[in-house]
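Text of the file final.csv, holding CSV, C-alpha atoms:
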chain,number,residue,atom,x,y,z
X,13,MET,CA,52.9,198.2,257.0
X,14,GLN,CA,52.7,201.6,255.5
X,15,THR,CA,54.5,202.5,252.3
X,16,ARG,CA,56.2,205.8,252.0
X,17,ARG,CA,53.6,206.8,249.4
X,18,GLU,CA,50.7,206.2,251.7
X,19,THR,CA,52.4,208.1,254.5
X,20,LEU,CA,52.9,211.1,252.2
X,21,LYS,CA,49.3,210.9,251.1
X,22,HIS,CA,48.0,210.9,254.6
X,23,SER,CA,50.1,213.7,255.8
X,24,ALA,CA,49.0,215.7,252.8
X,25,VAL,CA,45.4,215.1,253.8
X,26,VAL,CA,46.0,216.1,257.3
X,27,ALA,CA,47.8,219.2,256.2
X,28,GLY,CA,44.9,220.1,254.0
X,29,LEU,CA,42.5,219.7,256.9
X,30,LEU,CA,44.6,221.8,259.2
X,31,ALA,CA,44.9,224.5,256.6
X,32,SER,CA,41.2,224.6,256.0
X,33,ALA,CA,40.7,225.0,259.7
X,34,GLY,CA,43.1,228.0,259.6
X,35,LEU,CA,45.7,226.4,261.8
X,36,ILE,CA,48.6,226.7,259.4
X,37,PRO,CA,49.5,230.3,258.4
X,38,GLN,CA,49.6,230.6,254.7
X,39,GLN,CA,53.0,231.4,253.2
X,40,ALA,CA,51.9,234.1,250.7
X,41,ALA,CA,49.3,236.4,252.1
X,42,ALA,CA,46.3,235.2,250.2
X,43,TYR,CA,47.5,232.5,247.9
X,44,GLU,CA,45.7,229.3,248.5
X,45,LYS,CA,48.7,227.0,248.1
X,46,VAL,CA,46.9,223.9,249.4
X,47,ALA,CA,44.2,224.2,246.9
X,48,PHE,CA,46.6,224.7,244.1
X,49,ASP,CA,48.6,221.6,245.2
X,50,ALA,CA,45.5,219.4,245.5
X,51,LYS,CA,45.3,216.6,243.0
X,52,THR,CA,41.6,216.0,242.6
X,53,ALA,CA,38.6,218.3,242.2
X,54,ALA,CA,37.2,217.1,245.5
X,55,ASP,CA,40.4,217.9,247.4
X,56,VAL,CA,40.4,221.4,245.9
X,57,THR,CA,36.9,222.3,247.1
X,58,LYS,CA,37.7,220.8,250.5
X,59,ALA,CA,40.9,222.9,250.8
X,60,LEU,CA,38.9,226.0,250.1
X,61,GLY,CA,36.5,225.1,252.9
X,62,ALA,CA,33.5,224.4,250.7
X,63,GLY,CA,31.0,221.6,251.4
X,64,ALA,CA,30.1,218.8,249.0
X,65,THR,CA,29.8,219.9,245.4
X,66,VAL,CA,26.5,219.4,243.7
X,67,GLU,CA,26.0,219.4,239.9
X,68,SER,CA,23.9,222.3,238.8
X,69,LYS,CA,22.6,223.4,235.5
X,70,ASP,CA,22.9,227.0,236.6
X,71,VAL,CA,26.7,226.7,236.2
X,72,THR,CA,28.2,226.4,232.8
X,73,ILE,CA,31.6,225.3,231.6
X,74,GLY,CA,32.6,226.1,228.1
X,75,GLY,CA,35.4,224.7,226.0
X,76,PRO,CA,36.2,222.8,222.9
X,77,ASP,CA,35.1,219.1,222.5
X,78,ILE,CA,38.4,218.3,221.0
X,79,ALA,CA,41.5,220.4,221.7
X,80,GLU,CA,44.2,220.0,219.1
X,81,ASN,CA,46.8,221.7,221.3
X,82,GLY,CA,46.7,220.9,225.0
X,83,ALA,CA,49.0,223.9,225.7
X,84,VAL,CA,46.2,226.4,224.9
X,85,VAL,CA,42.7,225.2,225.7
X,86,PRO,CA,40.2,228.0,225.9
X,87,LEU,CA,37.8,227.5,228.9
X,88,THR,CA,35.0,229.6,230.2
X,89,ALA,CA,33.2,229.4,233.5
X,90,SER,CA,30.0,231.2,234.4
X,91,THR,CA,26.9,231.0,236.5
X,92,THR,CA,23.6,232.7,236.8
X,93,LEU,CA,23.3,232.0,240.6
X,94,ALA,CA,23.4,235.0,242.9
X,95,GLY,CA,25.8,235.2,245.9
X,96,VAL,CA,28.8,233.6,244.3
X,97,LYS,CA,32.1,234.1,246.2
X,98,ARG,CA,34.5,232.2,243.9
X,99,MET,CA,34.5,230.7,240.5
X,100,LEU,CA,37.0,227.9,239.9
X,101,ILE,CA,38.3,226.2,236.7
X,102,LEU,CA,39.5,222.7,237.2
X,103,VAL,CA,41.1,220.1,235.0
X,104,GLU,CA,40.7,216.7,236.6
X,105,LYS,CA,43.7,214.9,235.1
X,106,ASN,CA,46.3,217.6,235.4
X,107,PRO,CA,49.1,217.2,237.9
X,108,ALA,CA,47.3,219.7,240.0
X,109,ALA,CA,43.6,220.0,239.3
X,110,LEU,CA,43.0,223.7,240.1
X,111,VAL,CA,43.8,226.0,237.1
X,112,ALA,CA,42.4,229.3,238.2
X,113,MET,CA,40.3,230.8,240.9
X,114,PHE,CA,38.4,234.1,240.5
X,115,ASN,CA,37.2,235.9,243.6
X,116,VAL,CA,33.8,237.4,242.5
X,117,THR,CA,32.8,240.8,243.8
X,118,ASP,CA,29.5,242.7,243.3
X,119,ALA,CA,31.1,244.7,240.6
X,120,VAL,CA,31.8,241.9,238.2
X,121,GLU,CA,29.7,239.2,236.6
X,122,ALA,CA,30.4,235.5,237.5
X,123,ASN,CA,31.5,234.9,233.9
X,124,PHE,CA,35.2,234.4,233.2
X,125,ALA,CA,37.3,233.0,230.4
X,126,THR,CA,40.9,232.0,230.3
X,127,ARG,CA,43.2,229.5,228.6
X,128,ALA,CA,44.6,226.4,230.3
X,129,LYS,CA,47.2,223.8,229.7
X,130,MET,CA,46.0,220.2,229.7
X,131,GLY,CA,48.3,217.2,229.9
X,132,GLN,CA,45.7,214.7,228.5
X,133,SER,CA,42.1,214.2,227.7
X,134,SER,CA,40.1,214.9,230.8
X,135,ASP,CA,36.9,216.2,232.4
X,136,VAL,CA,37.1,219.9,233.1
X,137,TYR,CA,35.0,221.5,235.8
X,138,ALA,CA,33.6,224.9,236.6
X,139,VAL,CA,32.8,225.2,240.3
X,140,ALA,CA,30.9,228.1,241.9
X,141,ILE,CA,31.5,228.5,245.6
X,142,MET,CA,28.7,230.4,247.2
X,143,ASN,CA,28.9,232.9,250.1
X,144,ASP,CA,27.2,230.3,252.3
X,145,GLY,CA,29.8,227.6,251.5
X,146,LYS,CA,27.8,225.6,249.2
X,147,ALA,CA,29.4,224.6,245.9
X,148,PHE,CA,27.9,223.8,242.5
X,149,PHE,CA,29.7,222.5,239.5
X,150,ALA,CA,29.3,221.7,235.8
X,151,LYS,CA,31.6,219.4,233.9
X,152,LYS,CA,32.5,218.7,230.3
X,153,GLU,CA,34.9,216.3,228.6
X,154,VAL,CA,37.7,217.8,226.5
X,155,LYS,CA,39.7,215.5,224.3
X,156,VAL,CA,43.3,216.5,223.8
X,157,THR,CA,45.2,215.3,220.9
X,158,LEU,CA,48.6,216.8,221.9
X,159,GLY,CA,49.4,217.3,225.6
X,160,GLY,CA,50.5,220.6,227.0
X,161,CYS,CA,52.5,219.5,230.0
X,162,GLY,CA,56.0,218.2,229.2
X,163,GLY,CA,58.3,218.4,226.2
J,7,MET,CA,60.7,243.8,233.4
J,8,ALA,CA,58.0,241.9,231.6
J,9,ASP,CA,56.4,243.2,228.4
J,10,PRO,CA,53.3,245.2,228.7
J,11,MET,CA,49.8,243.6,228.8
J,12,ARG,CA,47.3,244.2,226.1
J,13,ILE,CA,44.0,245.3,227.7
J,14,ARG,CA,40.9,245.9,225.8
J,15,ALA,CA,37.7,247.1,227.5
J,16,GLN,CA,34.5,247.6,225.5
J,17,ALA,CA,31.4,249.0,227.0
J,18,ALA,CA,28.0,247.6,226.1
J,19,GLY,CA,25.0,248.9,227.9
J,20,ASP,CA,25.9,249.3,231.6
J,21,LYS,CA,28.7,246.8,231.6
J,22,ALA,CA,32.0,246.4,230.0
J,23,THR,CA,33.8,243.3,228.7
J,24,VAL,CA,37.5,243.4,229.5
J,25,ARG,CA,40.0,241.2,227.7
J,26,VAL,CA,43.5,241.0,228.9
J,27,LEU,CA,46.5,239.4,227.2
J,28,MET,CA,49.5,239.1,229.5
J,29,SER,CA,53.1,238.3,228.4
J,30,HIS,CA,54.5,235.7,230.7
J,31,GLU,CA,56.3,232.4,230.4
J,32,MET,CA,54.0,230.4,232.7
J,33,GLU,CA,56.5,227.6,233.3
J,34,SER,CA,54.6,224.7,234.9
J,35,GLY,CA,57.4,223.1,236.9
J,36,GLN,CA,56.7,219.8,235.2
J,37,ARG,CA,59.0,220.2,232.2
J,38,LYS,CA,62.6,218.9,232.0
J,39,ASP,CA,65.3,220.6,230.1
J,40,SER,CA,67.7,218.9,227.7
J,41,ALA,CA,70.0,217.9,230.7
J,42,GLY,CA,67.0,216.1,232.4
J,43,LYS,CA,66.7,218.7,235.1
J,44,VAL,CA,63.2,220.0,236.1
J,45,VAL,CA,62.7,223.5,234.9
J,46,PRO,CA,61.5,225.4,238.1
J,47,ALA,CA,57.9,226.7,238.1
J,48,TRP,CA,57.5,230.3,237.1
J,49,PHE,CA,53.9,231.5,236.8
J,50,ILE,CA,51.5,234.3,237.6
J,51,GLN,CA,50.0,233.7,241.0
J,52,GLU,CA,47.8,236.7,241.6
J,53,VAL,CA,45.9,238.9,239.3
J,54,SER,CA,43.7,241.9,240.3
J,55,ALA,CA,41.7,244.3,238.3
J,56,SER,CA,40.3,247.6,239.3
J,57,LEU,CA,37.8,250.1,237.9
J,58,ASN,CA,38.7,253.7,238.5
J,59,GLY,CA,41.0,252.7,241.3
J,60,LYS,CA,38.5,250.4,243.1
J,61,VAL,CA,39.3,246.7,243.1
J,62,VAL,CA,36.6,244.7,241.3
J,63,LEU,CA,38.2,241.3,240.8
J,64,THR,CA,41.0,239.3,242.3
J,65,ALA,CA,42.1,236.0,241.0
J,66,GLU,CA,44.6,233.3,241.9
J,67,TRP,CA,46.2,231.2,239.3
J,68,GLY,CA,48.1,227.9,239.2
J,69,PRO,CA,50.8,226.9,236.8
J,70,ALA,CA,48.3,225.3,234.5
J,71,VAL,CA,47.2,228.6,233.0
J,72,SER,CA,48.6,228.8,229.4
J,73,LYS,CA,51.7,230.7,228.4
J,74,ASN,CA,51.0,234.4,227.7
J,75,PRO,CA,47.7,234.1,229.6
J,76,PHE,CA,44.4,235.4,228.4
J,77,MET,CA,41.6,236.5,230.7
J,78,GLN,CA,38.2,237.8,230.1
J,79,PHE,CA,35.7,239.2,232.6
J,80,VAL,CA,32.7,241.5,232.7
J,81,VAL,CA,32.6,244.6,234.9
J,82,LYS,CA,29.2,246.0,235.9
J,83,GLY,CA,28.6,249.7,235.9
J,84,ALA,CA,31.5,250.6,233.7
J,85,LYS,CA,31.1,253.2,231.0
J,86,ALA,CA,33.2,254.7,228.2
J,87,GLY,CA,36.1,256.7,229.6
J,88,ASP,CA,36.4,254.7,232.8
J,89,LYS,CA,39.9,253.4,233.7
J,90,ILE,CA,40.5,249.7,234.0
J,91,ALA,CA,43.8,248.7,235.6
J,92,VAL,CA,45.1,245.1,235.8
J,93,THR,CA,48.0,243.9,237.9
J,94,TRP,CA,49.7,240.6,238.1
J,95,LYS,CA,52.3,239.2,240.4
J,96,ASP,CA,54.2,236.0,239.8
J,97,ASN,CA,55.8,233.5,242.1
J,98,LYS,CA,59.2,235.2,241.8
J,99,GLY,CA,57.7,238.4,243.2
J,100,ASP,CA,57.8,240.2,239.9
J,101,SER,CA,54.8,242.2,239.1
J,102,ARG,CA,53.3,244.6,236.5
J,103,THR,CA,50.4,246.9,236.2
J,104,ASP,CA,48.8,248.3,233.0
J,105,GLU,CA,45.9,250.5,232.4
J,106,ALA,CA,43.3,250.9,229.7
J,107,THR,CA,40.4,253.1,229.0
J,108,VAL,CA,36.9,251.7,228.4
J,109,SER,CA,35.7,252.4,224.9
Represent the structure contained in this file as structure tokens.
Amino acid sequence: MQTRRETLKHSAVVAGLLASAGLIPQQAAAYEKVAFDAKTAADVTKALGAGATVESKDVTIGGPDIAENGAVVPLTASTTLAGVKRMLILVEKNPAALVAMFNVTDAVEANFATRAKMGQSSDVYAVAIMNDGKAFFAKKEVKVTLGGCGG
Amino acid sequence: MADPMRIRAQAAGDKATVRVLMSHEMESGQRKDSAGKVVPAWFIQEVSASLNGKVVLTAEWGPAVSKNPFMQFVVKGAKAGDKIAVTWKDNKGDSRTDEATVS
């Protein structure tokens, strides 16, 4: 017997697979809705069509060890690798893991900083997706003393 | 119409560091108001930056980016006097473009 929750989960997975195969037309022209709805870091990279992610010391994630205010957590993502297509910033325990995705061109360095909301203490990831589909990540734990999602 | 962005671009050598501060509510869609109803999500979805009219960076954001978002990136080959323009578009279709000169 399948619960409703399981059914929903499965259909979400199937939808993700279809979208990555390009079978479902995206609503907004370029917006990667599936990736932004994905709950875990692994689902995000899968939705973007990247292979298994490997930890790499050439990718760096920057952020505070302890964030006093989860509504504004400064995070940086950078890599020294050549041939980067996208840089992602992920927060594992947020309602949706993907925070921001930067499409890297030849004219910019793969080095970005922004500020994110975090609901609770969690691992944060910087993921570099290469032109050949490989993906590398770095992770760091950020402790949050006051959550940023909710009242 | 949203408030203007604050853009600062500083050249150092053959590249320029661009810092952008946007003015946006960035409602996550997770919060509830006093009546217990979920406040609908309202956030910047797409951001693009261009150097002298040529797009150098596009980004896609989720609702987890902080209120009044900050973004920093480094443009190669930019020198003092070049124009940096930044555009954002939110999930309600509102958008804004602002321009700054590299110093």
Find the residue from X:Val120, X:Ala79, X:Ala109, X:Asp49 that sits nearest to Ala55 of chain J; use all atoms listed in the file when measuring.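 Counting all atoms listed in the file, the residue closest to Ala55 of chain J is X:Val120.
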Quick one: residues within 12 Å of Met142 of chain X, only C-alpha atoms, excluding same-chain residues fewer than 5 positions away - as a PDB file with C-alpha atoms, in the coordinates of the input?
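This is the output file around_34.pdb:
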ATOM      1  CA  THR X  57      36.900 222.300 247.100  1.00  0.00           C
ATOM      2  CA  LEU X  60      38.900 226.000 250.100  1.00  0.00           C
ATOM      3  CA  GLY X  61      36.500 225.100 252.900  1.00  0.00           C
ATOM      4  CA  ALA X  62      33.500 224.400 250.700  1.00  0.00           C
ATOM      5  CA  GLY X  63      31.000 221.600 251.400  1.00  0.00           C
ATOM      6  CA  ALA X  64      30.100 218.800 249.000  1.00  0.00           C
ATOM      7  CA  THR X  65      29.800 219.900 245.400  1.00  0.00           C
ATOM      8  CA  VAL X  66      26.500 219.400 243.700  1.00  0.00           C
ATOM      9  CA  VAL X  71      26.700 226.700 236.200  1.00  0.00           C
ATOM     10  CA  THR X  91      26.900 231.000 236.500  1.00  0.00           C
ATOM     11  CA  THR X  92      23.600 232.700 236.800  1.00  0.00           C
ATOM     12  CA  LEU X  93      23.300 232.000 240.600  1.00  0.00           C
ATOM     13  CA  ALA X  94      23.400 235.000 242.900  1.00  0.00           C
ATOM     14  CA  GLY X  95      25.800 235.200 245.900  1.00  0.00           C
ATOM     15  CA  VAL X  96      28.800 233.600 244.300  1.00  0.00           C
ATOM     16  CA  LYS X  97      32.100 234.100 246.200  1.00  0.00           C
ATOM     17  CA  ARG X  98      34.500 232.200 243.900  1.00  0.00           C
ATOM     18  CA  MET X  99      34.500 230.700 240.500  1.00  0.00           C
ATOM     19  CA  LEU X 100      37.000 227.900 239.900  1.00  0.00           C
ATOM     20  CA  ASN X 115      37.200 235.900 243.600  1.00  0.00           C
ATOM     21  CA  VAL X 116      33.800 237.400 242.500  1.00  0.00           C
ATOM     22  CA  THR X 117      32.800 240.800 243.800  1.00  0.00           C
ATOM     23  CA  ALA X 122      30.400 235.500 237.500  1.00  0.00           C
ATOM     24  CA  ALA X 147      29.400 224.600 245.900  1.00  0.00           C
ATOM     25  CA  PHE X 148      27.900 223.800 242.500  1.00  0.00           C
ATOM     26  CA  PHE X 149      29.700 222.500 239.500  1.00  0.00           C
TER      27      PHE X 149
END
Using all atoms listed in the file for the distances, tell me which of X:Val111, X:Leu102, X:Leu87, X:Ile73 is nearest to chain J. X:Val111
Could you tell me how far atom CA of Ser90 of chain X sits from atom CA of Pro107 of chain X, in Å to one decimal place? 23.9 Å
Per-residue nearest contacts chain J to chain X, cut-off 7 Å, using only C-alpha atoms, as CSV:
residue,atom,partner,partner_atom,distance
J:Gln36,CA,X:Gly162,CA,6.2
J:Arg37,CA,X:Gly162,CA,4.7
J:Val62,CA,X:Ala119,CA,5.5
J:Leu63,CA,X:Val116,CA,6.1
J:Thr64,CA,X:Asn115,CA,5.3
J:Ala65,CA,X:Phe114,CA,4.2
J:Glu66,CA,X:Met113,CA,5.1
J:Trp67,CA,X:Ala112,CA,4.4
J:Gly68,CA,X:Val111,CA,5.1
J:Ala70,CA,X:Lys129,CA,5.1
J:Val71,CA,X:Ala128,CA,4.3
J:Ser72,CA,X:Ala128,CA,4.8
J:Pro75,CA,X:Arg127,CA,6.5
J:Phe76,CA,X:Thr126,CA,5.2
J:Met77,CA,X:Thr126,CA,4.6
J:Gln78,CA,X:Ala125,CA,4.9
J:Phe79,CA,X:Phe124,CA,4.9
J:Val80,CA,X:Glu121,CA,5.4
J:Val81,CA,X:Val120,CA,4.3
J:Lys82,CA,X:Ala119,CA,5.2
Within 6 Å of Gln16 of chain J, counting all atoms listed in the file, which residues show up once you throw out same-chain ones fewer than 2 positions away? Write them as a PDB file with C-alpha atoms, in the frame of the given file, please.
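Generated file (selection_39.pdb):
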ATOM      1  CA  ALA J  22      32.000 246.400 230.000  1.00  0.00           C
ATOM      2  CA  THR J  23      33.800 243.300 228.700  1.00  0.00           C
ATOM      3  CA  VAL J 108      36.900 251.700 228.400  1.00  0.00           C
ATOM      4  CA  SER J 109      35.700 252.400 224.900  1.00  0.00           C
TER       5      SER J 109
END
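Atom CA of Asp20 of chain J lies 24.4 Å from atom CA of Gly74 of chain X.
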Counting only C-alpha atoms, the option among X:Glu80, X:Asp144, X:Glu104, X:Asp70 closest to Lys51 of chain X: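 For Lys51 of chain X, the nearest of the candidates is X:Glu104.
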Extract, using only C-alpha atoms, all DNA, RNA and protein residues at most 9 Å from segment 89-100 of chain J, discarding same-chain residues fewer than 2 positions from it, and format them as JSON, numbers by chain. {"J": [7, 8, 11, 13, 15, 24, 26, 28, 47, 48, 49, 50, 51, 52, 53, 54, 55, 56, 57, 58, 59, 61, 84, 86, 87, 102, 103, 104, 105, 106, 107, 108]}
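For the pair atom CA of Lys105 of chain X and atom CA of Val139 of chain X, the separation is 15.9 Å.
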Using only C-alpha atoms, pick whichever of J:Gly83, J:Ser101, J:Val44, J:Ser34 has the shortest atom-to-atom distance to Gly19 of chain J.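 Nearest to Gly19 of chain J: J:Gly83.
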Select, from X:Tyr137, X:Thr52, X:Gln132, X:Val46, the residue with the minimum atom-to-atom distance to Val156 of chain X, counting all atoms listed in the file.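 Closest candidate: X:Gln132.
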Shortest interatomic distance to Lys69 of chain X - which of X:Ala140, X:Glu153, X:Asp55, X:Asn81, counting all atoms listed in the file: X:Ala140
